[in-house]
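Everything on this sheet refers to the single structure shown next.
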Amino acid sequence: MKWIWALMAASLALAQGPLGQGLVIADAGNHRLVELSGEGRLKRVVPLPPPFRYTDDVFFAPGGQVAYITDPEVDAVAAVRYPEGRLLWVFGQPGRPGRGPGQLDNPDDLIPLPSGLLAVADIRNCRVLLLTPAGKLFRTLGRTGVCRNADGYFNKPNGAFPFGKDKLLVTEIVGRDVAVVDLNGRRLKTIPLPTHYPSDANLTPWGTILVVDWWSPGAVYELDLEGKVLWRYSPRGAKDRLDHPSVAVGLPDGRVVLTDDRRHRVLVLDRKTGRVVFQYGKTDTPGEAPGLLRYPDGLDVIR
């Protein structure tokens, strides 16, 4: 079976560019979405509407016509029409963080699930909310304001990614682990992580987990479903080191794309060689001109 996967990956690499079918970056410091083609060329820039001002994550609904965004500075999440950037709905009370009805406190990631629901990690409220595609609250997982690494609770969750049809991978900052839970919030497993500050653990197309260490120097880890480290990228040299990477995602051809937030760049890594095979953004040079980024914090792969 391994040779079949290798052949498929090689075929994909030949048929597509370094970014597969393309990539959209949440360029938080410039408050915009930046879309790159599969070859890595700038395709479009999409400004985002008020009241949002520091959009740090983006995920797409199936079909790619709706983008889900989050803004921890205004404590709200939203759906926007893509590529127009027109606001469709908002969940949260912009500028009013809290735990009351309809409020969020430092939300992170608004991710579509196979069920059709959306999951958002509400970090300071220690919960995960499930929303409908229309932006209405469907269910609360965890106990609002009660922070524990235990069944029925979460401890500062900063990502809730799909794990199959009916489970989630919830990254917990405090405790430095990933909770595997069902869509009722029941904890099925806890996977410890080898990080200082874990961020956005998610499943790769080939069935492993990627998680980054939001630290300096930062790191990317690939783990199996029992928590064994299979691969690590953590260069320490002045040129190559990572500075607070936020998310790493597996590409269909087996490579890994990640945001390196405070060095203002997005990188594609070859896991076999540990080499950077593509970069967008100029290292340590924030800006808004073509080819530059400012604190890129999130991304989604075009499918």
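Chain labels run A, B, ... following the order of the structure tokens; each chain numbers its residues from 1, and ligands are numbered from 1 in the order shown.
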
Would you list the contacts of range 162-168 of chain A as an MDAnalysis selection string, taking every protein, DNA or RNA residue within 7 Å and counting only C-alpha atoms, but skipping same-chain residues closer than 5 positions in sequence?
-> chainID A and resid 113:115 180:183 203

Now that the selection is made, can you save its residues with N, CA and C atoms as a tab-separated table (two decimals), in the first residue's frame?
```
chain	number	residue	atom	x	y	z
A	113	LEU	N	-17.93	21.28	9.41
A	113	LEU	CA	-17.82	19.86	9.73
A	113	LEU	C	-18.58	19.03	8.69
A	114	PRO	N	-18.27	17.74	8.57
A	114	PRO	CA	-19.00	16.89	7.62
A	114	PRO	C	-20.50	16.86	7.87
A	115	SER	N	-20.92	17.08	9.11
A	115	SER	CA	-22.34	17.09	9.44
A	115	SER	C	-23.08	18.31	8.88
A	180	VAL	N	-10.00	14.12	21.92
A	180	VAL	CA	-10.86	13.55	20.89
A	180	VAL	C	-12.26	13.43	21.50
A	181	VAL	N	-13.23	14.15	20.94
A	181	VAL	CA	-14.57	14.17	21.51
A	181	VAL	C	-15.60	13.89	20.43
A	182	ASP	N	-16.79	13.42	20.87
A	182	ASP	CA	-17.89	13.29	19.92
A	182	ASP	C	-18.65	14.61	19.85
A	183	LEU	N	-19.69	14.66	19.03
A	183	LEU	CA	-20.38	15.92	18.82
A	183	LEU	C	-21.33	16.28	19.96
A	203	LEU	N	-6.19	16.72	11.30
A	203	LEU	CA	-5.91	15.46	10.64
A	203	LEU	C	-5.38	15.69	9.24
```

Neighbour list for Trp231 in chain A as a PyMOL selection string, cut-off 9 Å, only C-alpha atoms, skip fewer than 5 positions in-chain = chain A and resi 220-223+271

Near range 90-97 of chain A, within 6 Å and counting only C-alpha atoms, which residues show up once chain neighbours fewer than 6 positions away are dropped, as a ChimeraX atom specification?
-> /A:74-78,103-105

Output for the residues just chosen: N, CA and C atoms as a PDB file, in the first residue's frame:
```
ATOM      1  N   VAL A  74     -12.169  41.482  18.096  1.00  0.00           N
ATOM      2  CA  VAL A  74     -13.536  41.976  18.287  1.00  0.00           C
ATOM      3  C   VAL A  74     -14.450  40.898  18.863  1.00  0.00           C
ATOM      4  N   ASP A  75     -13.883  39.691  19.094  1.00  0.00           N
ATOM      5  CA  ASP A  75     -14.610  38.594  19.750  1.00  0.00           C
ATOM      6  C   ASP A  75     -15.866  38.209  18.990  1.00  0.00           C
ATOM      7  N   ALA A  76     -15.708  37.973  17.687  1.00  0.00           N
ATOM      8  CA  ALA A  76     -16.826  37.569  16.851  1.00  0.00           C
ATOM      9  C   ALA A  76     -16.320  36.714  15.690  1.00  0.00           C
ATOM     10  N   VAL A  77     -17.233  35.964  15.097  1.00  0.00           N
ATOM     11  CA  VAL A  77     -16.948  35.160  13.916  1.00  0.00           C
ATOM     12  C   VAL A  77     -18.021  35.476  12.880  1.00  0.00           C
ATOM     13  N   ALA A  78     -17.756  35.095  11.622  1.00  0.00           N
ATOM     14  CA  ALA A  78     -18.702  35.483  10.580  1.00  0.00           C
ATOM     15  C   ALA A  78     -18.566  34.594   9.359  1.00  0.00           C
ATOM     16  N   GLN A 103     -22.526  35.716  23.071  1.00  0.00           N
ATOM     17  CA  GLN A 103     -21.207  36.313  23.230  1.00  0.00           C
ATOM     18  C   GLN A 103     -20.103  35.279  23.087  1.00  0.00           C
ATOM     19  N   LEU A 104     -18.926  35.760  22.701  1.00  0.00           N
ATOM     20  CA  LEU A 104     -17.712  34.963  22.626  1.00  0.00           C
ATOM     21  C   LEU A 104     -16.604  35.699  23.357  1.00  0.00           C
ATOM     22  N   ASP A 105     -15.554  34.952  23.721  1.00  0.00           N
ATOM     23  CA  ASP A 105     -14.403  35.577  24.361  1.00  0.00           C
ATOM     24  C   ASP A 105     -13.136  34.933  23.812  1.00  0.00           C
TER      25      ASP A 105
END
```

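With distances restricted to only C-alpha atoms, A:Leu251 is the closest residue to Gly38 in chain A from A:Leu251, A:Thr70, A:Leu129, A:Lys189.
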
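Using only C-alpha atoms, the nearest neighbour of Val301 in chain A within the list A:Glu84, A:Glu35, A:Asp151, A:Asp261 is A:Glu35.
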
Looking at only C-alpha atoms, which of A:Trp206, A:Phe161, A:Tyr54, A:Tyr197 is the one that sits closest to Arg255 in chain A?
-> A:Trp206
